[in-house]
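Asks: Got target30.cif for you, mmCIF, C-alpha atoms:
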data_target
#
loop_
_atom_site.label_atom_id
_atom_site.label_comp_id
_atom_site.auth_asym_id
_atom_site.auth_seq_id
_atom_site.Cartn_x
_atom_site.Cartn_y
_atom_site.Cartn_z
CA MET A 531 63.67 80.19 147.43
CA VAL A 532 63.50 83.55 149.21
CA LEU A 533 64.55 85.34 146.04
CA VAL A 534 61.71 83.79 144.02
CA THR A 535 59.11 84.48 146.69
CA GLY A 536 60.37 88.02 147.19
CA ALA A 537 60.36 88.75 143.47
CA ALA A 538 56.74 87.71 143.15
CA ALA A 539 55.48 89.08 146.46
CA GLY A 540 52.53 91.34 146.12
CA VAL A 541 51.91 90.42 142.51
CA ALA A 542 48.29 89.55 141.88
CA VAL A 543 46.99 88.65 138.47
CA PRO A 544 43.29 88.95 137.60
CA ALA A 545 41.61 85.70 136.67
CA GLY A 546 40.79 87.02 133.20
CA ALA A 547 38.92 84.34 131.29
CA GLN A 548 36.39 81.99 132.77
CA ILE A 549 36.51 78.26 132.26
CA TYR A 550 35.29 77.49 128.77
CA ALA A 551 31.72 76.24 128.98
CA GLY A 552 30.96 74.95 125.51
CA THR A 553 28.89 76.39 122.69
CA SER A 554 26.56 73.59 121.79
CA GLY A 555 23.47 75.57 122.74
CA SER A 556 22.65 73.25 125.65
CA PRO A 557 23.03 74.48 129.20
CA PRO A 558 26.20 73.18 130.81
CA LEU A 559 25.80 70.04 132.88
CA ALA A 560 28.23 71.33 135.48
CA ALA A 561 28.32 74.97 136.45
CA VAL A 562 31.79 76.30 137.16
CA ALA A 563 32.01 79.41 139.30
CA ALA A 564 34.28 82.30 138.41
CA ALA A 565 37.79 81.69 139.61
CA PRO A 566 39.18 84.08 142.22
CA PRO A 567 42.15 86.23 141.27
CA ILE A 568 45.40 84.33 141.09
CA ALA A 569 47.51 85.07 144.15
CA ALA A 570 51.25 85.57 144.38
CA LEU A 571 53.59 82.63 144.84
CA PRO A 572 52.86 80.59 147.92
CA ALA A 573 55.36 80.73 150.77
CA VAL A 574 56.85 77.43 149.62
CA ALA A 575 57.78 77.57 145.95
CA GLY A 576 58.97 74.40 144.27
CA PRO A 577 60.18 73.51 140.80
CA ASP A 578 56.61 73.45 139.45
CA ALA A 579 56.10 77.07 140.53
CA LEU A 580 59.33 78.13 138.88
CA ARG A 581 58.45 76.36 135.64
CA ALA A 582 54.86 77.65 135.79
CA ALA A 583 56.17 81.20 135.98
CA GLN A 584 58.35 80.55 132.94
CA PHE A 585 55.36 79.40 130.85
CA LYS A 586 52.76 81.83 132.23
CA PRO A 587 52.82 84.40 129.37
CA MET A 588 52.60 81.67 126.74
CA ILE A 589 49.74 79.92 128.55
CA GLN A 590 47.88 83.23 128.85
CA ARG A 591 48.30 83.81 125.10
CA VAL A 592 47.00 80.34 124.22
CA ALA A 593 44.10 80.79 126.64
CA GLN A 594 43.09 83.99 124.88
CA GLU A 595 43.45 82.42 121.41
CA THR A 596 41.38 79.35 122.28
CA SER A 597 38.88 80.74 124.83
CA VAL A 598 39.99 78.15 127.38
CA SER A 599 40.73 79.54 130.82
CA PRO A 600 44.38 79.90 131.76
CA GLN A 601 43.55 78.41 135.17
CA LEU A 602 42.27 75.25 133.49
CA LEU A 603 45.38 75.03 131.31
CA HIS A 604 47.63 75.50 134.35
CA ALA A 605 45.71 72.83 136.29
CA VAL A 606 45.97 70.28 133.48
CA ILE A 607 49.65 71.03 132.87
CA ALA A 608 50.48 70.79 136.58
CA VAL A 609 48.87 67.35 136.82
CA GLU A 610 49.98 66.05 133.43
CA SER A 611 53.65 67.04 133.37
CA GLY A 612 54.49 69.22 136.35
CA TYR A 613 55.46 71.90 133.77
CA ASP A 614 58.14 69.68 132.23
CA ALA A 615 58.07 70.47 128.50
CA LYS A 616 60.18 67.38 127.74
CA ALA A 617 58.06 64.94 129.76
CA VAL A 618 57.27 61.57 128.17
CA SER A 619 54.82 59.18 129.84
CA ARG A 620 55.21 55.42 129.85
CA LYS A 621 52.31 55.36 127.36
CA GLY A 622 54.03 57.78 124.96
CA ALA A 623 52.21 61.01 125.77
CA ARG A 624 54.53 63.99 125.43
CA GLY A 625 55.17 67.56 126.43
CA LEU A 626 53.52 69.95 128.85
CA MET A 627 49.98 68.71 128.20
CA GLN A 628 51.02 65.11 127.57
CA LEU A 629 49.58 64.77 124.08
CA THR A 630 49.47 61.35 122.50
CA PRO A 631 50.73 61.16 118.92
CA GLY A 632 47.16 60.78 117.63
CA THR A 633 45.83 63.76 119.57
CA ALA A 634 48.81 65.87 118.53
CA GLN A 635 48.20 65.05 114.87
CA ARG A 636 44.44 65.60 115.20
CA PHE A 637 44.96 69.13 116.54
CA GLY A 638 47.79 70.17 114.23
CA VAL A 639 50.75 69.78 116.55
CA ARG A 640 53.90 69.02 114.56
CA ASN A 641 56.43 69.25 117.39
CA VAL A 642 54.98 68.00 120.69
CA PHE A 643 58.04 69.27 122.54
CA ASP A 644 57.46 72.86 121.41
CA PRO A 645 55.63 74.31 124.43
CA MET A 646 53.46 76.71 122.40
CA GLU A 647 52.35 74.02 119.94
CA ASN A 648 51.78 71.51 122.72
CA VAL A 649 49.68 73.82 124.89
CA ARG A 650 47.71 75.10 121.90
CA GLY A 651 46.96 71.50 120.83
CA GLY A 652 45.96 70.53 124.37
CA ALA A 653 43.79 73.63 124.73
CA LEU A 654 42.05 72.92 121.43
CA TYR A 655 41.42 69.35 122.58
CA LEU A 656 40.00 70.57 125.91
CA LYS A 657 37.77 73.04 124.08
CA TRP A 658 36.57 70.27 121.74
CA LEU A 659 35.88 67.99 124.73
CA LEU A 660 33.96 70.70 126.56
CA ASP A 661 31.81 71.19 123.46
CA ARG A 662 31.42 67.42 123.05
CA PHE A 663 30.25 67.01 126.66
CA ASP A 664 28.04 70.13 126.79
CA GLY A 665 30.38 72.05 129.09
CA ASP A 666 30.66 69.30 131.72
CA LEU A 667 34.18 69.89 132.99
CA ARG A 668 34.40 66.56 134.81
CA LEU A 669 33.56 64.62 131.64
CA ALA A 670 35.89 66.77 129.54
CA LEU A 671 38.75 66.04 131.95
CA ALA A 672 37.88 62.34 131.95
CA GLY A 673 37.94 62.44 128.15
CA TYR A 674 41.28 64.24 128.19
CA ASN A 675 42.75 61.48 130.34
CA ALA A 676 41.07 58.36 128.98
CA GLY A 677 39.82 59.49 125.56
CA GLU A 678 36.36 60.72 124.68
CA ASN A 679 35.26 57.29 123.50
CA GLU A 680 35.81 55.86 126.99
CA VAL A 681 33.47 58.50 128.44
CA VAL A 682 30.83 57.64 125.85
CA ARG A 683 31.26 53.88 126.51
CA ALA A 684 30.81 54.59 130.24
CA GLY A 685 27.40 56.14 129.53
CA TYR A 686 28.58 59.75 129.67
CA ARG A 687 30.11 59.22 133.10
CA ILE A 688 33.68 59.12 134.31
CA PRO A 689 34.95 55.74 133.10
CA PRO A 690 35.74 53.07 135.70
CA ILE A 691 39.47 53.45 135.09
CA LYS A 692 41.44 54.06 138.29
CA GLU A 693 43.86 56.49 136.65
CA THR A 694 40.97 58.57 135.27
CA ARG A 695 39.01 58.46 138.53
CA ASP A 696 42.12 59.77 140.30
CA TYR A 697 42.96 62.29 137.55
CA VAL A 698 39.70 64.27 137.48
CA PRO A 699 39.75 65.22 141.19
CA LYS A 700 43.46 66.09 140.99
CA VAL A 701 42.85 68.61 138.21
CA LEU A 702 39.75 69.99 139.92
CA ALA A 703 41.75 70.41 143.15
CA LYS A 704 44.40 72.38 141.24
CA LEU A 705 41.61 74.58 139.85
CA SER A 706 40.32 75.35 143.34
CA ARG A 707 43.74 76.59 144.50
CA PRO A 708 45.56 79.66 143.24
CA THR A 709 48.00 79.00 140.42
CA PRO A 710 51.55 78.99 141.84
CA ILE A 711 52.71 81.90 139.72
#
Written as structure tokens, that's how I'd like the structure from this file.

Replies:
Amino acid sequence: MVLVTGAAAGVAVPAGAQIYAGTSGSPPLAAVAAAPPIAALPAVAGPDALRAAQFKPMIQRVAQETSVSPQLLHAVIAVESGYDAKAVSRKGARGLMQLTPGTAQRFGVRNVFDPMENVRGGALYLKWLLDRFDGDLRLALAGYNAGENEVVRAGYRIPPIKETRDYVPKVLAKLSRPTPI
């Protein structure tokens, strides 16, 4: 643990991109402030921090390609899979961003266990959701968890699904803290 913390001590990474806010022409429903610079590893580094560091360059590349903030991608990945590229949920979602087979196919992901393909597919889905919900991050996250049709059925609100109501604040909480890398 000391070795990991020592190796990353003093390393600060600029936030870079902002959270994607949609391009539909409408003002965003939820304003998202600029994220502060990402700090060095916290004093207590766990397996998620080690895996996050492993995937950081790839996540940054996908963020630049898709115009989705790397902080948002890290937050979703941390909550979805804990940076486990081989994760499989009880509902069949797979990989770092826990893509369902239908979402993977929809966004051109052939191998859900390939981290680059998985994160790119998840980022494209997040970008699509942010456009769909006029930049409202809470609704986009709800759609990511429950499916966009559930958000629409709920009257463009977070659906009354316990998992989704728990999921949105978890991701937002990860966004408000420095990424553990």

Asks: Decode the PyMOL selection byres ((chain A and resi 582-593) around 8) for the given file into explicit residues and return them as a PDB file with C-alpha atoms, in the frame of the given file.

Replies:
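As written to disk, expr36.pdb reads:
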ATOM      1  CA  ALA A 547      38.920  84.340 131.290  1.00  0.00           C
ATOM      2  CA  ASP A 578      56.610  73.450 139.450  1.00  0.00           C
ATOM      3  CA  ALA A 579      56.100  77.070 140.530  1.00  0.00           C
ATOM      4  CA  LEU A 580      59.330  78.130 138.880  1.00  0.00           C
ATOM      5  CA  ARG A 581      58.450  76.360 135.640  1.00  0.00           C
ATOM      6  CA  GLN A 594      43.090  83.990 124.880  1.00  0.00           C
ATOM      7  CA  GLU A 595      43.450  82.420 121.410  1.00  0.00           C
ATOM      8  CA  THR A 596      41.380  79.350 122.280  1.00  0.00           C
ATOM      9  CA  SER A 597      38.880  80.740 124.830  1.00  0.00           C
ATOM     10  CA  VAL A 598      39.990  78.150 127.380  1.00  0.00           C
ATOM     11  CA  SER A 599      40.730  79.540 130.820  1.00  0.00           C
ATOM     12  CA  PRO A 600      44.380  79.900 131.760  1.00  0.00           C
ATOM     13  CA  LEU A 603      45.380  75.030 131.310  1.00  0.00           C
ATOM     14  CA  HIS A 604      47.630  75.500 134.350  1.00  0.00           C
ATOM     15  CA  TYR A 613      55.460  71.900 133.770  1.00  0.00           C
ATOM     16  CA  MET A 646      53.460  76.710 122.400  1.00  0.00           C
ATOM     17  CA  VAL A 649      49.680  73.820 124.890  1.00  0.00           C
ATOM     18  CA  ARG A 650      47.710  75.100 121.900  1.00  0.00           C
ATOM     19  CA  ALA A 653      43.790  73.630 124.730  1.00  0.00           C
ATOM     20  CA  PRO A 710      51.550  78.990 141.840  1.00  0.00           C
ATOM     21  CA  ILE A 711      52.710  81.900 139.720  1.00  0.00           C
TER      22      ILE A 711
END

Asks: With all atoms listed in the file as the atoms that count, which of A:Pro699, A:Gly665, A:Pro645, A:Pro689 lies nearest to Leu629 in chain A?

Replies: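 Checking each of A:Pro699, A:Gly665, A:Pro645, A:Pro689 against Leu629 in chain A, counting all atoms listed in the file, the winner is A:Pro645.
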
Asks: Could you tell me which of A:Ala623, A:Leu659, A:Val701, A:Val609 comes closest to Asn679 in chain A if we count only C-alpha atoms?

Replies: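 Nearest candidate to Asn679 in chain A out of A:Ala623, A:Leu659, A:Val701, A:Val609: A:Leu659.
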
Asks: Between CA of Lys692 in chain A and CA of Gly651 in chain A, what distance in Å does the model show, to one decimal?

Replies: 25.3 Å

Asks: Expanded to explicit residues, what is the PyMOL selection byres ((chain A and resi 671) around 10) for this file, as an MDAnalysis selection string?

Replies: chainID A and resid 602 606 656 659:660 666:670 672:678 681 688 694 697:699 701:702

Asks: Pull the neighbourhood of (58.0, 70.1, 119.8) for me: all residues within 12 Å in file coordinates, counting only C-alpha atoms, as a ChimeraX atom specification.

Replies: /A:615-618,624-629,631,634,638-651

Asks: How many Å separate CA of Gly612 in chain A from CA of Glu693 in chain A?

Replies: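 Taking CA of Gly612 in chain A and CA of Glu693 in chain A, their separation equals 16.6 Å.
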